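Visitor: To be precise about what I am sending: the file is called data05.txt and holds compact mmCIF, C-alpha atoms.
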# COMPACT_ATOMS: atom_id res chain seq x y z
CA MET J 8 14.38 -37.21 41.75
CA ASN J 9 15.54 -33.85 43.04
CA LYS J 10 18.03 -33.57 40.15
CA LYS J 11 15.24 -34.23 37.62
CA ILE J 12 13.08 -31.47 39.09
CA THR J 13 16.02 -29.05 39.11
CA PHE J 14 16.83 -29.96 35.50
CA PHE J 15 13.23 -29.40 34.31
CA VAL J 16 12.88 -26.13 36.24
CA SER J 17 16.17 -24.91 34.77
CA LEU J 18 15.16 -25.97 31.26
CA PHE J 19 11.76 -24.30 31.60
CA SER J 20 13.39 -21.09 32.91
CA ILE J 21 15.84 -20.95 30.01
CA LEU J 22 13.07 -21.50 27.47
CA ALA J 23 10.79 -18.95 29.13
CA LEU J 24 13.49 -16.28 29.26
CA GLY J 25 14.61 -17.02 25.70
CA SER J 26 11.11 -16.56 24.33
CA CYS J 27 10.66 -13.14 25.95
CA GLY J 28 12.06 -11.04 23.13
CA LYS J 29 11.98 -7.29 23.13
CA LEU J 30 8.81 -5.87 21.58
CA GLU J 31 9.61 -4.04 18.35
CA MET J 32 8.38 -0.45 18.15
CA LEU J 33 7.57 1.67 15.09
CA PRO J 34 5.98 5.12 14.83
CA ALA J 35 2.17 5.33 14.77
CA GLU J 36 2.35 7.06 11.38
CA PRO J 37 2.35 4.64 8.45
CA SER J 38 5.37 4.51 6.19
CA ILE J 39 5.44 3.47 2.53
CA GLU J 40 8.16 2.52 0.02
CA PHE J 41 7.71 2.38 -3.75
CA GLU J 42 8.53 -1.02 -5.28
CA ASN J 43 7.59 -0.71 -8.97
CA PHE J 44 5.01 0.22 -11.57
CA SER J 45 4.31 -2.19 -14.43
CA VAL J 46 2.49 -1.58 -17.72
CA TYR J 47 0.92 -4.53 -19.55
CA ASP J 48 -1.80 -5.56 -21.99
CA THR J 49 -5.10 -6.73 -20.53
CA ASN J 50 -8.83 -6.80 -21.24
CA ASP J 51 -11.62 -4.76 -19.70
CA ILE J 52 -14.83 -6.34 -18.39
CA LEU J 53 -16.31 -6.32 -21.91
CA GLY J 54 -13.31 -8.12 -23.41
CA ASN J 55 -11.83 -5.04 -25.10
CA GLU J 56 -8.04 -4.85 -25.29
CA VAL J 57 -6.75 -2.10 -23.00
CA ARG J 58 -3.51 -1.19 -21.29
CA GLY J 59 -3.16 -1.92 -17.59
CA GLY J 60 -0.91 -0.48 -14.96
CA GLN J 61 0.00 -1.90 -11.56
CA LEU J 62 1.52 0.09 -8.71
CA LYS J 63 3.25 -1.98 -6.03
CA PHE J 64 4.42 -0.61 -2.71
CA TYR J 65 5.45 -1.77 0.76
CA PHE J 66 3.91 -0.40 3.96
CA GLU J 67 4.56 -0.45 7.71
CA ASP J 68 2.32 0.87 10.48
CA GLY J 69 3.43 0.84 14.12
CA ASP J 70 -0.02 0.80 15.72
CA GLY J 71 -1.59 -1.55 13.16
CA ASP J 72 -4.61 0.51 12.19
CA ILE J 73 -4.47 0.35 8.40
CA GLY J 74 -7.62 -0.18 6.39
CA LEU J 75 -11.25 0.85 6.59
CA LEU J 76 -14.41 -0.92 7.61
CA SER J 77 -17.08 -1.48 4.99
CA GLN J 78 -20.00 0.93 4.89
CA ALA J 79 -22.26 -1.71 6.46
CA GLU J 80 -19.80 -2.25 9.36
CA ALA J 81 -18.94 1.43 9.93
CA GLY J 82 -22.40 2.93 9.53
CA GLU J 83 -23.27 5.85 7.27
CA GLU J 84 -22.06 8.60 9.65
CA ASN J 85 -18.64 6.99 10.25
CA TYR J 86 -17.99 5.74 6.73
CA ASP J 87 -14.80 6.88 5.03
CA SER J 88 -14.34 5.52 1.54
CA ILE J 89 -10.75 6.44 0.63
CA ASN J 90 -7.46 5.83 2.45
CA LEU J 91 -5.02 5.53 -0.47
CA PHE J 92 -4.69 8.90 -2.14
CA VAL J 93 -3.22 9.16 -5.64
CA THR J 94 -2.40 12.29 -7.66
CA LEU J 95 -1.74 12.05 -11.40
CA TYR J 96 0.98 14.04 -13.17
CA ARG J 97 1.43 14.37 -16.93
CA ILE J 98 4.95 14.57 -18.29
CA ASN J 99 5.34 16.74 -21.39
CA ASN J 100 8.78 17.51 -22.81
CA GLY J 101 10.35 16.31 -19.55
CA ILE J 102 8.25 18.66 -17.41
CA ARG J 103 6.04 17.11 -14.71
CA MET J 104 2.73 18.96 -14.31
CA PRO J 105 -0.40 18.06 -12.30
CA ALA J 106 -3.09 16.60 -14.56
CA VAL J 107 -6.09 18.80 -15.27
CA ALA J 108 -9.54 18.03 -13.90
CA GLY J 109 -11.35 15.55 -16.11
CA ASP J 110 -8.17 13.84 -17.35
CA PRO J 111 -9.23 10.29 -18.34
CA TYR J 112 -6.25 8.79 -16.46
CA TYR J 113 -7.05 10.60 -13.20
CA PRO J 114 -7.83 8.14 -10.39
CA THR J 115 -10.46 8.93 -7.79
CA GLY J 116 -8.65 7.29 -4.86
CA PHE J 117 -8.60 3.77 -3.49
CA ARG J 118 -9.75 1.88 -0.46
CA ILE J 119 -7.45 -0.39 1.56
CA PRO J 120 -9.62 -2.94 3.40
CA TYR J 121 -9.64 -3.29 7.17
CA MET J 122 -6.63 -5.07 8.68
CA GLU J 123 -5.91 -5.89 12.27
CA ARG J 124 -3.13 -7.85 13.88
CA VAL J 125 -3.93 -10.05 16.85
CA GLY J 126 -1.45 -10.36 19.69
CA ARG J 127 0.97 -8.20 21.59
CA ASN J 128 2.80 -6.80 18.58
CA LYS J 129 0.42 -4.55 16.62
CA ILE J 130 2.87 -3.67 13.83
CA LEU J 131 1.46 -4.27 10.36
CA ARG J 132 3.75 -4.80 7.37
CA GLY J 133 2.87 -5.81 3.86
CA HIS J 134 2.77 -5.21 0.16
CA ILE J 135 -0.10 -3.51 -1.67
CA SER J 136 -0.84 -3.65 -5.41
CA VAL J 137 -3.16 -1.18 -7.10
CA ARG J 138 -4.39 -1.65 -10.67
CA PHE J 139 -5.19 1.03 -13.22
CA THR J 140 -6.88 0.67 -16.61
CA TYR J 141 -6.01 2.91 -19.56
CA PHE J 142 -8.65 2.73 -22.30
CA PHE J 143 -6.97 5.20 -24.65
CA PHE J 144 -3.27 5.89 -24.97
CA THR J 145 -0.77 7.30 -27.45
CA GLN J 146 2.97 7.10 -27.84
CA GLU J 147 3.26 10.51 -26.16
CA ASP J 148 1.40 9.53 -22.98
CA SER J 149 3.89 9.68 -20.09
CA ILE J 150 2.65 9.98 -16.55
CA SER J 151 3.69 9.63 -12.92
CA TYR J 152 1.79 9.41 -9.66
CA ASP J 153 2.26 10.74 -6.14
CA PHE J 154 0.59 8.64 -3.47
CA PHE J 155 0.19 8.29 0.29
CA ILE J 156 -1.97 6.35 2.73
CA LYS J 157 -3.95 7.36 5.82
CA ASP J 158 -4.65 5.06 8.77
CA ARG J 159 -7.83 4.90 10.85
CA ALA J 160 -6.44 7.36 13.43
CA GLY J 161 -5.88 9.91 10.65
CA HIS J 162 -2.08 9.55 10.57
CA VAL J 163 -0.75 10.24 7.08
CA SER J 164 2.23 8.42 5.61
CA ASN J 165 5.08 9.90 3.66
CA THR J 166 4.29 10.78 0.02
CA ILE J 167 6.04 8.77 -2.69
CA SER J 168 6.40 9.54 -6.42
CA THR J 169 6.59 6.95 -9.16
CA PRO J 170 9.15 7.41 -11.91
CA ALA J 171 7.98 8.57 -15.33
CA VAL J 172 5.86 5.85 -16.91
CA SER J 173 5.14 5.54 -20.64
CA ILE J 174 1.70 3.95 -21.07
CA PHE J 175 2.61 3.07 -24.66
CA ASN J 176 5.68 1.01 -23.66
CA LYS J 177 4.99 -2.15 -21.69
CA GLY J 178 7.43 -3.02 -18.93
CA ILE J 179 8.37 -2.55 -15.33
CA TYR J 180 9.39 0.91 -14.12
CA GLY J 181 11.40 1.68 -11.02
CA GLU J 182 12.93 -1.68 -10.12
What is this file in structure tokens?

Guide:
Amino acid sequence: MNKKITFFVSLFSILALGSCGKLEMLPAEPSIEFENFSVYDTNDILGNEVRGGQLKFYFEDGDGDIGLLSQAEAGEENYDSINLFVTLYRINNGIRMPAVAGDPYYPTGFRIPYMERVGRNKILRGHISVRFTYFFFTQEDSISYDFFIKDRAGHVSNTISTPAVSIFNKGIYGE
């Protein structure tokens, strides 16, 4: 009987110690990595043929505070509507220049929804896809974007640039 108790206590101790892994740590500032940008044919909400674009990127955040509450949850005084910031650049004759105000391709910013990880490890990791719609485009339309994210504590990620993207030519850029 004594041997059985010793065996079970030893087994329990080994399992308990083996499950106590070191807690992984990352900086509180979010970090992003560009994955790709794809251009494809699609339809708008009225059924018109348009060109679509999809930006895909990977993110990590050490304190797990990515995403924003909805206006109803946050209240009017605490509501922030944008946490993915995107800047458009036009590429003309190989020269990358910021797009002018009123450019039809210029995005207004995006909202990453509230995310929270339960448990001891608060690190958030994941992939985000953002879609763009281009109603008018020509063979000469080449663009790129700079983008970054901001977490709820106000920490700003690194800024990433997409490669040059031709809206006229469907395909995947940057893989």

Visitor: I'd like the contact shell of J:Asp68 - 6 Å cut-off, only C-alpha atoms, skipping same-chain residues fewer than 3 positions apart - returned as a PyMOL selection string.

Guide: chain J and resi 37+71+130-131

Visitor: As an exercise, work out the distance from atom CA of J:Asp48 to atom CA of J:Gly74 in Å and give it to one decimal place.

Guide: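 It comes out at 29.5 Å.
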
Visitor: Considering all atoms listed in the file, state which residue in the set J:Ser38, J:Asn50, J:Gln61, J:Asn55 is at the smallest distance from J:Val137.

Guide: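 When distances to J:Val137 are compared using all atoms listed in the file, the smallest one comes from J:Gln61.
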
Visitor: Can you measure atom CA of J:Ile98 to atom CA of J:Thr145 for me? One decimal in Å is fine.

Guide: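 Between atom CA of J:Ile98 and atom CA of J:Thr145 the gap works out to 13.0 Å.
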
Visitor: Return the single residue from J:Glu42, J:Asp110, J:Asp158, J:Glu67 that is closest to J:Ser136, with distances computed using all atoms listed in the file.

Guide: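 Between J:Glu42, J:Asp110, J:Asp158, J:Glu67, the residue approaching J:Ser136 most closely is J:Glu42.
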
Visitor: Kindly indicate which residue among J:Glu31, J:Leu62, J:Ile102, J:Val57 lies nearest to J:Glu182, using only C-alpha atoms for the distances.

Guide: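 Distance minimum relative to J:Glu182 lands on J:Leu62.
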
Visitor: Might you pull out every residue within 12 Å of stretch 161-167 of chain J, with all atoms listed in the file counted and same-chain residues fewer than 5 positions away left off, and present them as a PyMOL selection string?

Guide: chain J and resi 34-43+62-75+87+89-94+151-156

Visitor: If we count all atoms listed in the file, what is near J:Ala171 at a cut-off of 12 Å, once residues fewer than 5 positions away on the same chain are taken out, given as JSON, numbers by chain?

Guide: {"J": [43, 44, 45, 46, 95, 96, 97, 98, 99, 100, 101, 102, 103, 104, 147, 148, 149, 150, 151, 152, 153, 176, 179, 180, 181]}
